[in-house]
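The next block holds one structure in the form of structure tokens; read it before the comments.
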There are 4 protein chains.
Amino acid sequence: MRIAFIGLGKMGSGIAWNLLEAGHQLTVYNRSPEKTKRFADRGAAVADSPAEACRNCEAALTMLADDQAVEAVVFGKDGIASALPAGAPHISHSTISTAFARRLTSEHEANGQAYLSVPVFGRPEAAENKKLIVVAAGASDLVERFRPLFDAMGRATFVVGAEPWQANAVKLCGNFMIGSMMESFGETFAVMRKAGVDHHAFLDIMNELFGSPVYKNYGGIIADERFSPAGFVLKLGLKDIRLVLQTSDEVTAPMPFASVLRDHLLDALAHGQTDLDWSSVGIVAARNAGLK
Amino acid sequence: MRIAFIGLGKMGSGIAWNLLEAGHQLTVYNRSPEKTKRFADRGAAVADSPAEACRNCEAALTMLADDQAVEAVVFGKDGIASALPAGAPHISHSTISTAFARRLTSEHEANGQAYLSVPVFGRPEAAENKKLIVVAAGASDLVERFRPLFDAMGRATFVVGAEPWQANAVKLCGNFMIGSMMESFGETFAVMRKAGVDHHAFLDIMNELFGSPVYKNYGGIIADERFSPAGFVLKLGLKDIRLVLQTSDEVTAPMPFASVLRDHLLDALAHGQTDLDWSSVGIVAARNAGLK
Amino acid sequence: MRIAFIGLGKMGSGIAWNLLEAGHQLTVYNRSPEKTKRFADRGAAVADSPAEACRNCEAALTMLADDQAVEAVVFGKDGIASALPAGAPHISHSTISTAFARRLTSEHEANGQAYLSVPVFGRPEAAENKKLIVVAAGASDLVERFRPLFDAMGRATFVVGAEPWQANAVKLCGNFMIGSMMESFGETFAVMRKAGVDHHAFLDIMNELFGSPVYKNYGGIIADERFSPAGFVLKLGLKDIRLVLQTSDEVTAPMPFASVLRDHLLDALAHGQTDLDWSSVGIVAARNAGLK
Amino acid sequence: MRIAFIGLGKMGSGIAWNLLEAGHQLTVYNRSPEKTKRFADRGAAVADSPAEACRNCEAALTMLADDQAVEAVVFGKDGIASALPAGAPHISHSTISTAFARRLTSEHEANGQAYLSVPVFGRPEAAENKKLIVVAAGASDLVERFRPLFDAMGRATFVVGAEPWQANAVKLCGNFMIGSMMESFGETFAVMRKAGVDHHAFLDIMNELFGSPVYKNYGGIIADERFSPAGFVLKLGLKDIRLVLQTSDEVTAPMPFASVLRDHLLDALAHGQTDLDWSSVGIVAARNAGLK
């Protein structure tokens with residue numbers, strides 16, 4: 001397929017590469033153009049603007065940091081909205097708010113364009129190794145038509161609803177599940193340390209109990225305080241928890257754990273952890289217990 | 001070894017059976033004597049009191065519901081404390097408070113007896129199938145001497161400290177980790193349902209993401225609301241969270257997630273969920289969101 | 001002074017009337033024009049649009065429900081921004097977000113206009129009886145120039161900073177203090193009822209202890225469940241708590257009580273309390289305790 | 001009346017003095033005897049043990065720090081229980097747990113003695129100046145018979161139930177109301193400081209709004225960080241919040257604000273605030289916001 005791909009950051013570049021490998025015809029755009037080089041070498045076209053990337057494409061894929069970045073690329077000057085061919089979908093892989101997903105849905109529709117929300121779970125290594133978990137929502141014929149793309153980027157694709165924002169709700173709730181695990185480790189590690197028990201031993205037991213690679217990975221990072229370089233910076237983690245709280249507000253469902261998480265992420269931010277990995281929320285409980 | 005085994009409930013009977021199978025010589029005691037029958041048939045001696053079970057044993061193992069039950073069996077009339085041979089340890093597998101573990105330690109010591117805390121992770125099926133995770137703390141020579149017992153009851157043994165109560169702290173924190181996962185599912189399932197997303201689909205994605213049998217098991221129970229018959233009743237789950245909060249207080253470490261969990265377990269109790277499985281704490285968030 | 005006054009709801013009409021009584025020359029505007037009648041009878045001019053109200057005024061005062069309403073009246077067609085004379089301030093009495101107050105500040109400045117945030121504390125009766133507490137922030141010469149207006153509407157004026165949004169932060173935090181008191185009553189009333197103690201007796205004791213008219217008033221409303229007609233509807237109370245959480249996020253300060261309040265207000269909303277008085281958040285704790 | 005008075009600490013000495021002034025005949029006992037001197041000079045008898053104080057009395061009043069202290073004085077060697085004449089009540093003014101109040105009720109009853117819980121609100125100055133708020137529960141004829149004592153120690157007496165523990169529930173919930181106010185100030189002061197607003201100005205506005213001497217007093221202490229010398233030390237404040245949580249558990253009523261308060265008091269304890277005034281819980285929010 002002829003694909004416009006916009007956003008070649010840590011996640012986007014892994015995805016775009018796998019689409020190329022799968023034989024798709026890519027036109028890429030990135031704000032800082034040096035990241036486009038290796039894609040050009042591998043046969044991709046390079047565009048000077050999102051609009052130029054979109055001309056003649058069958059779908060425009062975006063992988064960007066947040067609502068503001070997507071808004072700029074879609075509705076800004078020379079943006080996707082100005083050039084996406086009628087009927088072609090904008091497929092957003094970014095972790096954006098459910099409210100903004102609804103706006104994308106209605107504005108693209110008003111332009112005679114289509115829109116799908118297809119966020120993914122996985123860190124940059126997973127993107128590179130085609131191990132992402134892909135969550136799609138939107139008109140089912142469109143989702144099916146572009147499924148080969150999703151299959152090319154991940155290990156499993158889940159379709160969760162006919163309204164695009166529903167996929168974003170799933171993604172945000174999934175990130176909350178991970179954040180909630182981090183906070184749980186943070187609280188127990190603090191108790192363990194104050195109880196004179198090696199918290200690594202506790203982690204070993206939890207790994208035996210839960211048998212989860214995610215627990216093993218993040219639990220290990222928190223136990224060792226390996227927060228830099230960050231896989232996913234804390235300020236973006238806070239953004240996601242903010243968004244899950246907004247979604248919980250939109251659907252009128254209290255989320256007390258998410259509220260605690262928000263407050264601990266703010267505590268982390270106020271203590272200079274902005275650019276550490278977001279799992280560093282797991283040391284807030286220790287600090288509040290007077291440790292270190 | 002010559003073992004006194006006291007408490008043949010769901011968990012205890014599985015453990016005791018595996019000890020018999022491993023060739024140990026058991027004298028069993030249970031408050032309701034009918035449960036001792038199949039052990040007698042398999043060659044165990046049956047005692048009329050905890051004290052009688054202990055005479056001449058090398059160790060007395062207890063697997064009981066809570067502090068009160070252990071207190072009665074140890075310090076009550078014809079209790080373990082009155083009969084355990086000098087130097088032999090009382091090995092408690094129950095999920096008891098860290099404070100009570102310290103009392104057991106000091107009182108047994110004052111009697112010239114020994115004490116180990118060896119709580120286990122796992123549901124009754126795991127006890128039956130020798131799949132428990134065993135957590136031991138206490139004097140290391142004693143732990144090593146009785147390790148063959150632990151190997152006979154579980155799939156892995158972890159030694160976490162020289163003070164018995166430390167193993168109870170680990171066990172309580174582990175149960176908190178499970179409860180925390182339940183609450184996290186409860187909150188996200190509520191959001192999913194109100195967002196019009198099938199919460200089973202969300203669970204499938206979380207299973208793919210976390211890859212944990214514990215998530216799969218409890219997530220499924222909560223998603224399907226299969227809370228009865230209970231594997232572990234809510235009132236005992238509340239007891240455990242109460243105890244983890246007590247431990248956090250003893251070591252002076254705040255646990256905001258555990259606090260939320262306590263409040264939601266009380267909410268559950270106030271709504272008639274006392275004898276449902278403790279994972280039914282996962283429907284409190286849904287009820288608070290106005291569902292059902 | 002020549003004053004444009006926009007927004008003659010429950011609060012605005014009390015304020016505007018007192019300004020008239022104090023001898024100021026008012027031009028009023030209200031979306032539903034029937035509310036302007038008694039002001040016209042008392043000598044005020046009536047305008048057909050915010051812009052028309054502003055022509056030739058020395059200051060434009062607004063008292064509206066929320067950010068959206070203020071945005072429409074200021075930046076919409078025939079809005080204040082299009083007509084406010086150079087140098088004259090827009091004085092906003094509404095409970096708006098700190099972020100929107102910053103936007104008003106910069107946009108009015110870009111237009112050569114001025115801006116003051118002057119929110120007030122008090123229910124409609126207080127507005128009518130000149131008993132409001134007035135909180136002002138902005139350029140101090142401007143605040144001083146218009147102080148006679150503030151003196152005409154309230155019992156005390158507090159100046160809290162040179163940046164207008166600071167007054168909004170104060171107002172939001174003050175509303176949080178009231179909401180926090182409501183939640184505290186909610187939790188204790190629930191415990192009292194379940195303990196078999198008349199919660200009215202508990203309230204009497206709290207009135208003796210705190211000696212606060214605000215405790216007496218809201219405590220009584222919650223104790224008697226007199227939530228309708230609403231003095232201030234719950235959906236607006238939730239808006240305010242949302243905004244205080246946004247402010248806490250902007251300044252990076254965790255607010256765990258505000259987070260609990262948010263979740264209980266959502267719980268209330270999910271149980272049909274949208275148009276009840278916001279003090280009805282005080283029955284959420286009772287419901288969660290299984291009462292009624 | 002012939003009164004045994006046990007416990008001449010900051011609170012007890014004020015109360016006992018006012019009883020003497022009112023013409024009652026006191027026999028006093030205090031663990032450290034030097035505090036009895038001024039009572040002896042004023043005509044009180046001094047006893048060597050609680051038991052001796054009780055002989056021949058019409059009622060035995062205790063004002064002690066916590067459950068453990070009351071337990072020692074009542075059930076210890078030469079305790080009240082061993083000497084209180086049949087039919088005479090033990091009247092406990094201490095802030096004790098509802099569970100222990102029930103135990104006192106049943107044990108005194110088993111001894112043919114009576115029991116009333118009559119906790120008080122007020123700081124030492126209030127005790128001295130006869131300004132306490134007195135909360136009584138127990139058999140109503142007994143409460144009425146001893147009402148002259150209560151009138152001699154406080155400014156108002158409230159009778160809240162026929163079961164003594166109900167008065168303790170009221171006292172604990174009242175202390176929670178105060179603690180909750182402290183936390184609310186803590187959170188708003190932190191936001192104010194980070195917003196560049198003088199938090200003393202915010203306090204002035206809250207004083208105008210709430211018009212409560214309690215807000216004025218504690219708000220001022222927190223704003224100025226005047227935590228030492230302590231009027232009521234933080235470790236006792238934590239004890240009270242622990243007890244209110246126990247009561248909420250006994251009656252099955254969630255208290256999320258009390259849970260937050262517990263966690264912040266633990267945070268305070270972990271940061272060396274043990275012997276500061278308990279209002280210093282109000283700086284936890286500031287610390288968590290990265291202040292100072």
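Going through the structure tokens in order, the chains are called A, B, and so on, while each chain numbers its residues from 1 and the ligands are numbered from 1 in the order shown.
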
Could you make a table, as CSV, of the residues of chain C that have an atom within 8 Å of an atom of chain D, each with its nearest atom pair and distance in Å to one decimal, counting only C-alpha atoms, in chain and number order?
residue,atom,partner,partner_atom,distance
C:Phe121,CA,D:Leu209,CA,7.5
C:Ile133,CA,D:Leu209,CA,7.3
C:Phe158,CA,D:Ile205,CA,7.2
C:Val160,CA,D:Val197,CA,6.3
C:Gly161,CA,D:Val197,CA,6.4
C:Gln166,CA,D:Val197,CA,6.7
C:Ala169,CA,D:Met192,CA,7.5
C:Val170,CA,D:Phe202,CA,6.7
C:Cys173,CA,D:Thr188,CA,5.9
C:Gly174,CA,D:Met206,CA,7.0
C:Met177,CA,D:Ser184,CA,6.2
C:Ser180,CA,D:Ser184,CA,6.8
C:Met181,CA,D:Met181,CA,7.2
C:Glu183,CA,D:Phe257,CA,7.8
C:Ser184,CA,D:Met177,CA,6.2
C:Phe185,CA,D:Met177,CA,7.7
C:Glu187,CA,D:Met255,CA,5.7
C:Thr188,CA,D:Cys173,CA,5.9
C:Ala190,CA,D:Ala253,CA,6.6
C:Val191,CA,D:Ala253,CA,5.9
C:Met192,CA,D:Val170,CA,7.3
C:Lys194,CA,D:Val251,CA,5.8
C:Ala195,CA,D:Val251,CA,6.2
C:Gly196,CA,D:Gln166,CA,7.7
C:Val197,CA,D:Val160,CA,6.3
C:Asp198,CA,D:Val160,CA,7.3
C:Ala201,CA,D:Val160,CA,6.7
C:Phe202,CA,D:Val170,CA,6.7
C:Ile205,CA,D:Phe158,CA,7.2
C:Met206,CA,D:Gly174,CA,7.0
C:Glu208,CA,D:Ile133,CA,7.6
C:Leu209,CA,D:Ile133,CA,7.3
C:Phe210,CA,D:Ser212,CA,5.5
C:Gly211,CA,D:Ser212,CA,5.3
C:Ser212,CA,D:Ser212,CA,4.6
C:Pro213,CA,D:Phe210,CA,6.6
C:Val214,CA,D:Phe210,CA,5.6
C:Tyr215,CA,D:Phe210,CA,7.6
C:Thr247,CA,D:Val191,CA,7.9
C:Ser248,CA,D:Val191,CA,6.1
C:Val251,CA,D:Lys194,CA,5.8
C:Thr252,CA,D:Ala289,CA,6.4
C:Ala253,CA,D:Ala289,CA,4.5
C:Pro254,CA,D:Ala289,CA,6.2
C:Met255,CA,D:Glu187,CA,5.7
C:Pro256,CA,D:Val260,CA,7.0
C:Phe257,CA,D:Phe257,CA,6.5
C:Val260,CA,D:Pro256,CA,7.0
C:Ala285,CA,D:Pro254,CA,6.9
C:Ala286,CA,D:Ala253,CA,7.6
C:Asn288,CA,D:Pro254,CA,6.9
C:Ala289,CA,D:Ala253,CA,4.5
C:Gly290,CA,D:Ala253,CA,7.9

Residues near region 95-105 of chain D, cut-off 7 Å, only C-alpha atoms, skip fewer than 5 positions along chain, as an mmCIF file with N, CA, C and O atoms, in the first residue's frame:
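Now in out_3.cif:
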data_model
loop_
_atom_site.group_PDB
_atom_site.id
_atom_site.type_symbol
_atom_site.label_atom_id
_atom_site.label_comp_id
_atom_site.auth_asym_id
_atom_site.auth_seq_id
_atom_site.Cartn_x
_atom_site.Cartn_y
_atom_site.Cartn_z
ATOM 1 N N ASP D 66 -3.954 7.020 76.549
ATOM 2 C CA ASP D 66 -4.433 6.071 75.542
ATOM 3 C C ASP D 66 -4.953 4.780 76.179
ATOM 4 O O ASP D 66 -4.981 4.655 77.410
ATOM 5 N N ASP D 67 -5.363 3.843 75.341
ATOM 6 C CA ASP D 67 -5.917 2.578 75.817
ATOM 7 C C ASP D 67 -4.983 1.898 76.821
ATOM 8 O O ASP D 67 -5.431 1.406 77.862
ATOM 9 N N TYR D 115 -19.970 1.964 84.117
ATOM 10 C CA TYR D 115 -18.987 2.622 83.269
ATOM 11 C C TYR D 115 -19.654 3.667 82.380
ATOM 12 O O TYR D 115 -20.709 3.409 81.786
ATOM 13 N N PRO D 119 -15.684 11.565 76.932
ATOM 14 C CA PRO D 119 -14.536 12.293 76.375
ATOM 15 C C PRO D 119 -14.868 13.772 76.220
ATOM 16 O O PRO D 119 -16.042 14.160 76.236
ATOM 17 N N PRO D 164 -21.732 3.405 76.097
ATOM 18 C CA PRO D 164 -20.573 4.275 76.315
ATOM 19 C C PRO D 164 -19.693 4.472 75.086
ATOM 20 O O PRO D 164 -19.266 5.603 74.783
ATOM 21 N N TRP D 165 -19.415 3.403 74.331
ATOM 22 C CA TRP D 165 -18.483 3.535 73.204
ATOM 23 C C TRP D 165 -18.956 4.561 72.176
ATOM 24 O O TRP D 165 -18.149 5.091 71.410
ATOM 25 N N ASN D 168 -17.163 7.701 72.446
ATOM 26 C CA ASN D 168 -15.798 7.637 71.914
ATOM 27 C C ASN D 168 -15.805 7.750 70.396
ATOM 28 O O ASN D 168 -14.915 8.364 69.812
ATOM 29 N N ALA D 169 -16.817 7.153 69.765
ATOM 30 C CA ALA D 169 -16.940 7.284 68.314
ATOM 31 C C ALA D 169 -17.095 8.757 67.938
ATOM 32 O O ALA D 169 -16.482 9.246 66.990
ATOM 33 N N LEU D 243 -7.448 5.087 65.455
ATOM 34 C CA LEU D 243 -8.653 4.637 66.151
ATOM 35 C C LEU D 243 -9.925 4.959 65.373
ATOM 36 O O LEU D 243 -10.868 4.170 65.378
ATOM 37 N N THR D 247 -12.685 2.295 64.158
ATOM 38 C CA THR D 247 -14.135 2.423 64.349
ATOM 39 C C THR D 247 -14.852 2.316 63.011
ATOM 40 O O THR D 247 -15.876 1.648 62.893
#

**Report entry** Those in region 25-261 of chain A with helix (DSSP H, G or I) from DSSP, as a PyMOL selection string
**Finding:** chain A and resi 33-41+50-54+67-75+80-82+98-110+124-128+140-145+147-153+164-194+199-210+213-224+234-250+256-261

Query raised in the report: Do you know which residues are at most 8 Å from region 27-36 of chain C counting only C-alpha atoms, after dropping those on the same chain fewer than 4 positions away, and could you put them as JSON, numbers by chain?
Result: {"C": [2, 3, 4, 5, 6, 7, 8, 40, 44, 45, 46, 47, 48, 49, 50, 53, 54]}

Produce a file of the selected residues containing N, CA, C and O atoms, as a JSON list (two decimals), in the first residue's frame.
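Contents of the output file out_37.json:
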[["chain", "number", "residue", "atom", "x", "y", "z"],
["C", 2, "ARG", "N", -19.06, 54.37, 34.86],
["C", 2, "ARG", "CA", -19.84, 53.77, 33.77],
["C", 2, "ARG", "C", -19.42, 52.31, 33.61],
["C", 2, "ARG", "O", -18.31, 52.01, 33.17],
["C", 3, "ILE", "N", -20.33, 51.43, 33.95],
["C", 3, "ILE", "CA", -20.01, 50.00, 34.04],
["C", 3, "ILE", "C", -20.85, 49.19, 33.07],
["C", 3, "ILE", "O", -22.08, 49.38, 33.02],
["C", 4, "ALA", "N", -20.19, 48.30, 32.31],
["C", 4, "ALA", "CA", -20.94, 47.29, 31.56],
["C", 4, "ALA", "C", -21.03, 46.07, 32.48],
["C", 4, "ALA", "O", -20.01, 45.65, 33.04],
["C", 5, "PHE", "N", -22.23, 45.52, 32.64],
["C", 5, "PHE", "CA", -22.36, 44.34, 33.50],
["C", 5, "PHE", "C", -23.03, 43.23, 32.72],
["C", 5, "PHE", "O", -24.17, 43.38, 32.27],
["C", 6, "ILE", "N", -22.33, 42.11, 32.61],
["C", 6, "ILE", "CA", -22.80, 41.02, 31.75],
["C", 6, "ILE", "C", -22.97, 39.75, 32.57],
["C", 6, "ILE", "O", -22.01, 39.27, 33.20],
["C", 7, "GLY", "N", -24.18, 39.23, 32.57],
["C", 7, "GLY", "CA", -24.47, 38.00, 33.32],
["C", 7, "GLY", "C", -25.32, 38.29, 34.54],
["C", 7, "GLY", "O", -24.80, 38.56, 35.61],
["C", 8, "LEU", "N", -26.66, 38.17, 34.36],
["C", 8, "LEU", "CA", -27.57, 38.51, 35.46],
["C", 8, "LEU", "C", -28.20, 37.25, 36.04],
["C", 8, "LEU", "O", -29.41, 37.19, 36.29],
["C", 40, "ALA", "N", -33.64, 47.79, 34.19],
["C", 40, "ALA", "CA", -34.06, 48.92, 33.36],
["C", 40, "ALA", "C", -34.99, 49.82, 34.18],
["C", 40, "ALA", "O", -34.84, 51.06, 34.18],
["C", 44, "ALA", "N", -31.02, 51.37, 34.74],
["C", 44, "ALA", "CA", -29.89, 50.86, 33.97],
["C", 44, "ALA", "C", -30.22, 50.87, 32.48],
["C", 44, "ALA", "O", -31.39, 50.73, 32.10],
["C", 45, "ALA", "N", -29.21, 51.03, 31.65],
["C", 45, "ALA", "CA", -29.39, 50.85, 30.22],
["C", 45, "ALA", "C", -29.31, 49.37, 29.90],
["C", 45, "ALA", "O", -28.65, 48.62, 30.63],
["C", 46, "VAL", "N", -30.00, 48.94, 28.86],
["C", 46, "VAL", "CA", -29.97, 47.53, 28.48],
["C", 46, "VAL", "C", -29.38, 47.42, 27.09],
["C", 46, "VAL", "O", -29.81, 48.12, 26.16],
["C", 47, "ALA", "N", -28.38, 46.53, 26.95],
["C", 47, "ALA", "CA", -27.71, 46.38, 25.66],
["C", 47, "ALA", "C", -28.15, 45.09, 24.98],
["C", 47, "ALA", "O", -28.60, 44.15, 25.63],
["C", 48, "ASP", "N", -27.98, 45.05, 23.66],
["C", 48, "ASP", "CA", -28.36, 43.87, 22.88],
["C", 48, "ASP", "C", -27.21, 42.88, 22.71],
["C", 48, "ASP", "O", -27.40, 41.79, 22.18],
["C", 49, "SER", "N", -26.04, 43.29, 23.08],
["C", 49, "SER", "CA", -24.88, 42.39, 22.96],
["C", 49, "SER", "C", -23.83, 42.84, 23.96],
["C", 49, "SER", "O", -23.87, 43.99, 24.43],
["C", 50, "PRO", "N", -22.92, 41.95, 24.28],
["C", 50, "PRO", "CA", -21.82, 42.36, 25.17],
["C", 50, "PRO", "C", -21.08, 43.56, 24.60],
["C", 50, "PRO", "O", -20.73, 44.50, 25.32],
["C", 53, "ALA", "N", -22.83, 46.74, 25.21],
["C", 53, "ALA", "CA", -22.76, 47.13, 26.62],
["C", 53, "ALA", "C", -21.45, 47.83, 26.95],
["C", 53, "ALA", "O", -21.37, 48.70, 27.81],
["C", 54, "CYS", "N", -20.40, 47.41, 26.25],
["C", 54, "CYS", "CA", -19.05, 47.90, 26.57],
["C", 54, "CYS", "C", -18.72, 49.28, 26.03],
["C", 54, "CYS", "O", -17.83, 49.95, 26.54]]

Query raised in the report: Leaving out Ser92 (chain B) and any residue of its chain fewer than 6 positions from it, which residues lie within 7 Å of it when counting only C-alpha atoms, given as a PyMOL selection string?
Result: chain B and resi 61-63+116-119

Those residues you just picked out, can you put them in a file as a tab-separated table (two decimals), in the first residue's frame with N, CA and C atoms?
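So the final result, stored in part_22.tsv, reads:
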chain	number	residue	atom	x	y	z
B	61	LEU	N	3.67	-27.87	62.78
B	61	LEU	CA	3.27	-26.98	61.69
B	61	LEU	C	1.80	-26.58	61.87
B	62	THR	N	1.52	-25.29	61.69
B	62	THR	CA	0.12	-24.84	61.78
B	62	THR	C	-0.28	-24.12	60.51
B	63	MET	N	-1.50	-24.38	60.07
B	63	MET	CA	-2.07	-23.67	58.92
B	63	MET	C	-3.51	-23.32	59.28
B	116	LEU	N	9.41	-20.42	63.59
B	116	LEU	CA	9.65	-19.96	62.21
B	116	LEU	C	8.33	-19.50	61.60
B	117	SER	N	8.38	-18.41	60.85
B	117	SER	CA	7.22	-18.01	60.03
B	117	SER	C	7.49	-18.48	58.61
B	118	VAL	N	6.60	-19.31	58.09
B	118	VAL	CA	6.78	-19.84	56.74
B	118	VAL	C	5.46	-19.77	55.97
B	119	PRO	N	4.98	-18.55	55.72
B	119	PRO	CA	3.73	-18.42	54.95
B	119	PRO	C	3.92	-18.86	53.50

Query - Interatomic distance (Å, one decimal) between CA of Gly220 (chain C) and CA of Arg262 (chain C) - result: 22.2 Å

Query - Residue contacts of Val233 (chain B) (6 Å, only C-alpha atoms) excluding same-chain residues fewer than 6 positions away, as a count of residues only - result: 4

Report task. Pull the strand (DSSP E) assignments for region 17-260 of chain A out of DSSP run on the backbone, and list those residues as a PyMOL selection string. Result -> chain A and resi 25-29+45-46+59-62+89-92+114-117+120-121+132-137+154-161

Query raised in the report: Counting only C-alpha atoms, what is within 12 Å of Gly14 (chain A), bar same-chain residues fewer than 3 positions away, as a VMD selection string?
Result: chain A and resid 5 7 to 11 17 to 21 35 38 to 39 63 122 to 132 152 to 154

Writing out the chosen residues with N, CA and C atoms as a tab-separated table (two decimals), in the first residue's frame:
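In the end it all went to selection-v2.tsv:
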chain	number	residue	atom	x	y	z
A	5	PHE	N	3.83	8.23	6.32
A	5	PHE	CA	4.15	7.94	7.72
A	5	PHE	C	4.79	9.16	8.34
A	7	GLY	N	6.20	11.01	11.79
A	7	GLY	CA	6.68	10.86	13.16
A	7	GLY	C	7.64	9.71	13.30
A	8	LEU	N	8.94	10.01	13.18
A	8	LEU	CA	9.95	8.95	13.21
A	8	LEU	C	10.75	8.99	14.50
A	9	GLY	N	10.05	9.14	15.62
A	9	GLY	CA	10.71	9.06	16.93
A	9	GLY	C	11.04	7.61	17.26
A	10	LYS	N	11.32	7.36	18.54
A	10	LYS	CA	11.71	6.01	18.97
A	10	LYS	C	10.70	4.96	18.53
A	11	MET	N	9.42	5.26	18.72
A	11	MET	CA	8.39	4.28	18.40
A	11	MET	C	8.12	4.26	16.90
A	17	TRP	N	9.82	1.18	9.81
A	17	TRP	CA	10.77	0.23	9.24
A	17	TRP	C	10.10	-1.11	8.94
A	18	ASN	N	9.32	-1.58	9.86
A	18	ASN	CA	8.64	-2.85	9.65
A	18	ASN	C	7.62	-2.80	8.51
A	19	LEU	N	7.02	-1.60	8.31
A	19	LEU	CA	6.09	-1.46	7.19
A	19	LEU	C	6.86	-1.53	5.87
A	20	LEU	N	8.02	-0.89	5.85
A	20	LEU	CA	8.89	-0.97	4.66
A	20	LEU	C	9.27	-2.42	4.38
A	21	GLU	N	9.72	-3.09	5.43
A	21	GLU	CA	10.14	-4.49	5.31
A	21	GLU	C	9.02	-5.37	4.77
A	35	LYS	N	16.38	12.19	10.67
A	35	LYS	CA	15.90	10.84	10.98
A	35	LYS	C	15.30	10.11	9.75
A	38	ARG	N	17.84	7.05	6.91
A	38	ARG	CA	17.96	5.60	6.70
A	38	ARG	C	16.72	5.04	6.00
A	39	PHE	N	15.58	5.76	6.10
A	39	PHE	CA	14.38	5.31	5.39
A	39	PHE	C	14.52	5.58	3.90
A	63	MET	N	2.57	8.86	14.35
A	63	MET	CA	3.05	8.37	15.64
A	63	MET	C	3.79	9.51	16.31
A	122	GLY	N	3.80	-1.21	23.92
A	122	GLY	CA	5.15	-1.73	23.71
A	122	GLY	C	6.16	-0.63	23.76
A	123	ARG	N	7.36	-0.97	24.23
A	123	ARG	CA	8.44	-0.01	24.29
A	123	ARG	C	9.15	0.00	22.92
A	124	PRO	N	10.09	0.92	22.69
A	124	PRO	CA	10.77	1.01	21.39
A	124	PRO	C	11.32	-0.33	20.88
A	125	GLU	N	11.89	-1.17	21.75
A	125	GLU	CA	12.41	-2.47	21.29
A	125	GLU	C	11.29	-3.31	20.67
A	126	ALA	N	10.13	-3.24	21.29
A	126	ALA	CA	8.99	-4.02	20.76
A	126	ALA	C	8.58	-3.50	19.40
A	127	ALA	N	8.63	-2.16	19.22
A	127	ALA	CA	8.28	-1.58	17.93
A	127	ALA	C	9.25	-2.09	16.87
A	128	GLU	N	10.53	-2.09	17.22
A	128	GLU	CA	11.57	-2.55	16.30
A	128	GLU	C	11.39	-4.02	15.92
A	129	ASN	N	11.04	-4.82	16.94
A	129	ASN	CA	10.99	-6.27	16.74
A	129	ASN	C	9.61	-6.80	16.37
A	130	LYS	N	8.73	-5.88	15.97
A	130	LYS	CA	7.40	-6.31	15.50
A	130	LYS	C	6.64	-7.04	16.60
A	131	LYS	N	6.84	-6.59	17.82
A	131	LYS	CA	6.20	-7.25	18.96
A	131	LYS	C	5.12	-6.39	19.61
A	132	LEU	N	4.73	-5.32	18.95
A	132	LEU	CA	3.72	-4.46	19.56
A	132	LEU	C	2.38	-5.17	19.69
A	152	ALA	N	1.77	-6.09	10.24
A	152	ALA	CA	3.19	-5.88	9.94
A	152	ALA	C	3.93	-5.18	11.08
A	153	MET	N	3.19	-4.62	12.02
A	153	MET	CA	3.88	-3.87	13.08
A	153	MET	C	3.82	-4.53	14.45
A	154	GLY	N	2.95	-5.53	14.60
A	154	GLY	CA	2.81	-6.07	15.95
A	154	GLY	C	2.63	-7.57	16.00

Report task. Can you pull out every residue within 7 Å of Leu84 (chain A), counting only C-alpha atoms, but drop anything in the same chain fewer than 4 positions away, and send it as an MDAnalysis selection string? Result -> chainID A and resid 54:55 80 88 113

Okay, now the selection with N, CA and C atoms, as a short mmCIF file (atom, residue, chain, number, x, y, z; two decimals), in the first residue's frame?
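result24.cif, freshly written:
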data_model
loop_
_atom_site.label_atom_id
_atom_site.label_comp_id
_atom_site.auth_asym_id
_atom_site.auth_seq_id
_atom_site.Cartn_x
_atom_site.Cartn_y
_atom_site.Cartn_z
N CYS A 54 1.13 13.11 2.26
CA CYS A 54 -0.21 12.52 2.10
C CYS A 54 -0.70 12.42 0.67
N ARG A 55 -0.22 13.29 -0.19
CA ARG A 55 -0.76 13.32 -1.54
C ARG A 55 -0.68 11.93 -2.17
N ILE A 80 -2.03 17.33 7.47
CA ILE A 80 -2.68 16.17 6.86
C ILE A 80 -4.08 16.51 6.37
N ALA A 88 -9.61 8.34 2.19
CA ALA A 88 -8.44 7.73 2.84
C ALA A 88 -8.47 8.05 4.33
N GLN A 113 -12.81 12.79 4.78
CA GLN A 113 -11.72 11.86 5.06
C GLN A 113 -12.17 10.88 6.14
#
